[in-house]
Amino acid sequence: MVVSAFALLLGAVAWTFLEYVLHRWLGHDARTRPNPFAAEHVLHHSRGNYFAPAWKKGLSALGVAGLLIGPSVLVAGPLAGAAFVAGLVAMYLAYEVLHRREHTHPGWGRYARFLRRHHFCHHFTDPSCNHGVTSPVWDWVFGTLREPGRIRVPPRLAMDWLLDPATGDVRPAYACDYELIRKG
Ligand SMILES: [Zn+2]
Ligand SMILES: [Zn+2]
């Protein structure tokens, strides 16, 4: 039981590593492009609220889980092996929800605010930094962590939650973290 719980946790941590690896080296490394992940990821960057279709994400997740389940069971036995893959898939689903909500909702609390600044610094300031979405840990490990400062957002790509509909500008509550890029 303890072993399975540990395997579940290890699977969740393994996803956070995979999240970093896929995003950095498939999404943003010229040496691996073009590839199907990068094609979708370029659209996510260039259109603001675009996310790859659920069926593509579902098929990829099934494919990765299918590849991992055999070796995991061989190494750790049926229960712990399955728990490892279940932890990884559960964390992947949490990542999908969290990433979408970073774009669609302002979030609550300090960590939500921190994660949004971490992610939108990647989107709008420097795509070669801050690849982690659920945590900054692997950016710290691999030396790609960047302090966002005040993030300059192109108006065309601004998240709905960031803008005050009355003024079209950044809501006062977020003005210390973000500003719109004004022409002229
Ligand atoms: Zn994003
Ligand atoms: Zn990216």
# chains A, B, ... in the order shown; residues from 1 in each chain; ligands from 1

$ closest_atom_pairs --of "region 41-66 of chain A" --to "region 119-125 of chain A" --cutoff "10 Å" --atoms "only C-alpha atoms" --output "JSON lines"
{"residue": "A:His44", "atom": "CA", "partner": "A:His123", "partner_atom": "CA", "distance": 9.3}
{"residue": "A:His45", "atom": "CA", "partner": "A:His123", "partner_atom": "CA", "distance": 6.5}
{"residue": "A:Ser46", "atom": "CA", "partner": "A:His123", "partner_atom": "CA", "distance": 9.2}
{"residue": "A:Gly48", "atom": "CA", "partner": "A:His123", "partner_atom": "CA", "distance": 8.9}

$ write_last_selection --atoms "N, CA, C and O atoms" --output "CSV table (one decimal), in the first residue's frame"
chain,number,residue,atom,x,y,z
A,44,HIS,N,-0.8,27.8,-30.1
A,44,HIS,CA,-1.1,28.3,-28.7
A,44,HIS,C,-0.5,29.6,-28.4
A,44,HIS,O,-1.1,30.5,-27.8
A,45,HIS,N,0.8,29.8,-28.9
A,45,HIS,CA,1.5,31.0,-28.6
A,45,HIS,C,0.9,32.2,-29.5
A,45,HIS,O,0.8,33.3,-29.0
A,46,SER,N,0.6,31.9,-30.7
A,46,SER,CA,0.3,33.0,-31.6
A,46,SER,C,-1.2,33.4,-31.6
A,46,SER,O,-1.5,34.5,-32.0
A,48,GLY,N,-3.2,33.1,-28.6
A,48,GLY,CA,-3.7,33.4,-27.2
A,48,GLY,C,-4.5,32.3,-26.6
A,48,GLY,O,-3.9,31.5,-25.9

$ residues_near_ligand --ligand "ligand 1" --cutoff "12 Å" --atoms "only C-alpha atoms and all ligand atoms" --output "ChimeraX atom specification"
/A:23,27,40-52,95-104,115-124,127,130-134,157-159

$ closest_residue --among "A:Met91, A:Ala38, A:Leu180, A:Leu9" --to "ligand 2" --atoms "only C-alpha atoms and all ligand atoms"
A:Ala38

$ residues_around --residues "Val13 (chain A)" --least-positions-apart "5" --cutoff "12 Å" --atoms "only C-alpha atoms" --output "list in words"
Phe6, Ala7, Leu8, Leu18, Glu19, Tyr20, Phe84, Val85, Ala86, Gly87, Leu88, Val89, Ala90, Met91, Tyr92, Tyr95, Thr134, Ser135, Val137 and Trp138 of chain A

$ write_last_selection --atoms "N, CA, C and O atoms" --output "PDB file, in the first residue's frame"
ATOM      1  N   PHE A   6       3.561   5.664  -2.884  1.00  0.00           N
ATOM      2  CA  PHE A   6       4.815   6.295  -3.292  1.00  0.00           C
ATOM      3  C   PHE A   6       4.922   6.297  -4.823  1.00  0.00           C
ATOM      4  O   PHE A   6       5.324   7.297  -5.432  1.00  0.00           O
ATOM      5  N   ALA A   7       4.515   5.177  -5.441  1.00  0.00           N
ATOM      6  CA  ALA A   7       4.575   5.085  -6.909  1.00  0.00           C
ATOM      7  C   ALA A   7       3.633   6.101  -7.552  1.00  0.00           C
ATOM      8  O   ALA A   7       3.964   6.715  -8.580  1.00  0.00           O
ATOM      9  N   LEU A   8       2.467   6.301  -6.941  1.00  0.00           N
ATOM     10  CA  LEU A   8       1.484   7.283  -7.438  1.00  0.00           C
ATOM     11  C   LEU A   8       2.106   8.684  -7.416  1.00  0.00           C
ATOM     12  O   LEU A   8       2.032   9.443  -8.388  1.00  0.00           O
ATOM     13  N   LEU A  18       8.126  15.517 -17.390  1.00  0.00           N
ATOM     14  CA  LEU A  18       7.732  15.334 -18.800  1.00  0.00           C
ATOM     15  C   LEU A  18       7.153  16.629 -19.371  1.00  0.00           C
ATOM     16  O   LEU A  18       7.414  16.998 -20.521  1.00  0.00           O
ATOM     17  N   GLU A  19       6.376  17.325 -18.552  1.00  0.00           N
ATOM     18  CA  GLU A  19       5.780  18.618 -18.937  1.00  0.00           C
ATOM     19  C   GLU A  19       6.893  19.585 -19.363  1.00  0.00           C
ATOM     20  O   GLU A  19       6.798  20.251 -20.391  1.00  0.00           O
ATOM     21  N   TYR A  20       7.965  19.623 -18.572  1.00  0.00           N
ATOM     22  CA  TYR A  20       9.095  20.511 -18.871  1.00  0.00           C
ATOM     23  C   TYR A  20       9.805  20.065 -20.148  1.00  0.00           C
ATOM     24  O   TYR A  20      10.064  20.866 -21.049  1.00  0.00           O
ATOM     25  N   PHE A  84       2.038   4.073 -10.666  1.00  0.00           N
ATOM     26  CA  PHE A  84       2.956   5.063 -11.240  1.00  0.00           C
ATOM     27  C   PHE A  84       2.329   5.711 -12.476  1.00  0.00           C
ATOM     28  O   PHE A  84       2.290   6.948 -12.595  1.00  0.00           O
ATOM     29  N   VAL A  85       1.791   4.870 -13.372  1.00  0.00           N
ATOM     30  CA  VAL A  85       1.185   5.406 -14.599  1.00  0.00           C
ATOM     31  C   VAL A  85      -0.071   6.207 -14.252  1.00  0.00           C
ATOM     32  O   VAL A  85      -0.320   7.276 -14.828  1.00  0.00           O
ATOM     33  N   ALA A  86      -0.863   5.730 -13.259  1.00  0.00           N
ATOM     34  CA  ALA A  86      -2.080   6.458 -12.859  1.00  0.00           C
ATOM     35  C   ALA A  86      -1.715   7.838 -12.303  1.00  0.00           C
ATOM     36  O   ALA A  86      -2.382   8.842 -12.594  1.00  0.00           O
ATOM     37  N   GLY A  87      -0.646   7.905 -11.500  1.00  0.00           N
ATOM     38  CA  GLY A  87      -0.192   9.188 -10.948  1.00  0.00           C
ATOM     39  C   GLY A  87       0.224  10.142 -12.041  1.00  0.00           C
ATOM     40  O   GLY A  87      -0.101  11.336 -12.010  1.00  0.00           O
ATOM     41  N   LEU A  88       0.919   9.601 -13.040  1.00  0.00           N
ATOM     42  CA  LEU A  88       1.389  10.427 -14.153  1.00  0.00           C
ATOM     43  C   LEU A  88       0.203  10.969 -14.962  1.00  0.00           C
ATOM     44  O   LEU A  88       0.137  12.164 -15.270  1.00  0.00           O
ATOM     45  N   VAL A  89      -0.774  10.074 -15.256  1.00  0.00           N
ATOM     46  CA  VAL A  89      -1.930  10.507 -16.046  1.00  0.00           C
ATOM     47  C   VAL A  89      -2.778  11.515 -15.253  1.00  0.00           C
ATOM     48  O   VAL A  89      -3.243  12.524 -15.805  1.00  0.00           O
ATOM     49  N   ALA A  90      -2.944  11.276 -13.942  1.00  0.00           N
ATOM     50  CA  ALA A  90      -3.737  12.196 -13.111  1.00  0.00           C
ATOM     51  C   ALA A  90      -3.091  13.581 -13.088  1.00  0.00           C
ATOM     52  O   ALA A  90      -3.775  14.607 -13.205  1.00  0.00           O
ATOM     53  N   MET A  91      -1.762  13.618 -12.956  1.00  0.00           N
ATOM     54  CA  MET A  91      -1.073  14.914 -12.927  1.00  0.00           C
ATOM     55  C   MET A  91      -1.141  15.576 -14.300  1.00  0.00           C
ATOM     56  O   MET A  91      -1.244  16.804 -14.391  1.00  0.00           O
ATOM     57  N   TYR A  92      -1.095  14.766 -15.360  1.00  0.00           N
ATOM     58  CA  TYR A  92      -1.247  15.325 -16.704  1.00  0.00           C
ATOM     59  C   TYR A  92      -2.615  16.018 -16.832  1.00  0.00           C
ATOM     60  O   TYR A  92      -2.710  17.133 -17.342  1.00  0.00           O
ATOM     61  N   TYR A  95      -2.628  19.181 -15.008  1.00  0.00           N
ATOM     62  CA  TYR A  95      -1.889  20.180 -15.798  1.00  0.00           C
ATOM     63  C   TYR A  95      -2.787  20.792 -16.880  1.00  0.00           C
ATOM     64  O   TYR A  95      -2.799  22.009 -17.077  1.00  0.00           O
ATOM     65  N   THR A 134       2.908  23.666 -14.126  1.00  0.00           N
ATOM     66  CA  THR A 134       2.342  23.357 -12.806  1.00  0.00           C
ATOM     67  C   THR A 134       3.290  23.764 -11.681  1.00  0.00           C
ATOM     68  O   THR A 134       2.857  23.886 -10.534  1.00  0.00           O
ATOM     69  N   SER A 135       4.564  23.948 -12.001  1.00  0.00           N
ATOM     70  CA  SER A 135       5.525  24.395 -10.978  1.00  0.00           C
ATOM     71  C   SER A 135       6.772  24.958 -11.661  1.00  0.00           C
ATOM     72  O   SER A 135       7.025  24.668 -12.819  1.00  0.00           O
ATOM     73  N   VAL A 137       9.784  24.190 -10.635  1.00  0.00           N
ATOM     74  CA  VAL A 137      10.900  23.388 -10.115  1.00  0.00           C
ATOM     75  C   VAL A 137      11.920  23.017 -11.199  1.00  0.00           C
ATOM     76  O   VAL A 137      13.121  23.208 -11.031  1.00  0.00           O
ATOM     77  N   TRP A 138      11.442  22.526 -12.356  1.00  0.00           N
ATOM     78  CA  TRP A 138      12.386  22.053 -13.375  1.00  0.00           C
ATOM     79  C   TRP A 138      13.075  23.226 -14.069  1.00  0.00           C
ATOM     80  O   TRP A 138      14.190  23.087 -14.564  1.00  0.00           O
TER      81      TRP A 138
END

$ residues_around --residues "Ser4 (chain A)" --least-positions-apart "5" --cutoff "10 Å" --atoms "only C-alpha atoms" --output "PyMOL selection string"
chain A and resi 9-10+76-84+87

$ residues_around --residues "region 164-178 of chain A" --least-positions-apart "2" --cutoff "7 Å" --atoms "only C-alpha atoms" --output "list in words"
Arg150, Ile151, Arg152, Val153, Leu162 and Leu180 of chain A

$ closest_residue --among "A:Leu163, A:Trp15, A:Thr32, A:Gly107" --to "Val64 (chain A)" --atoms "only C-alpha atoms"
A:Trp15
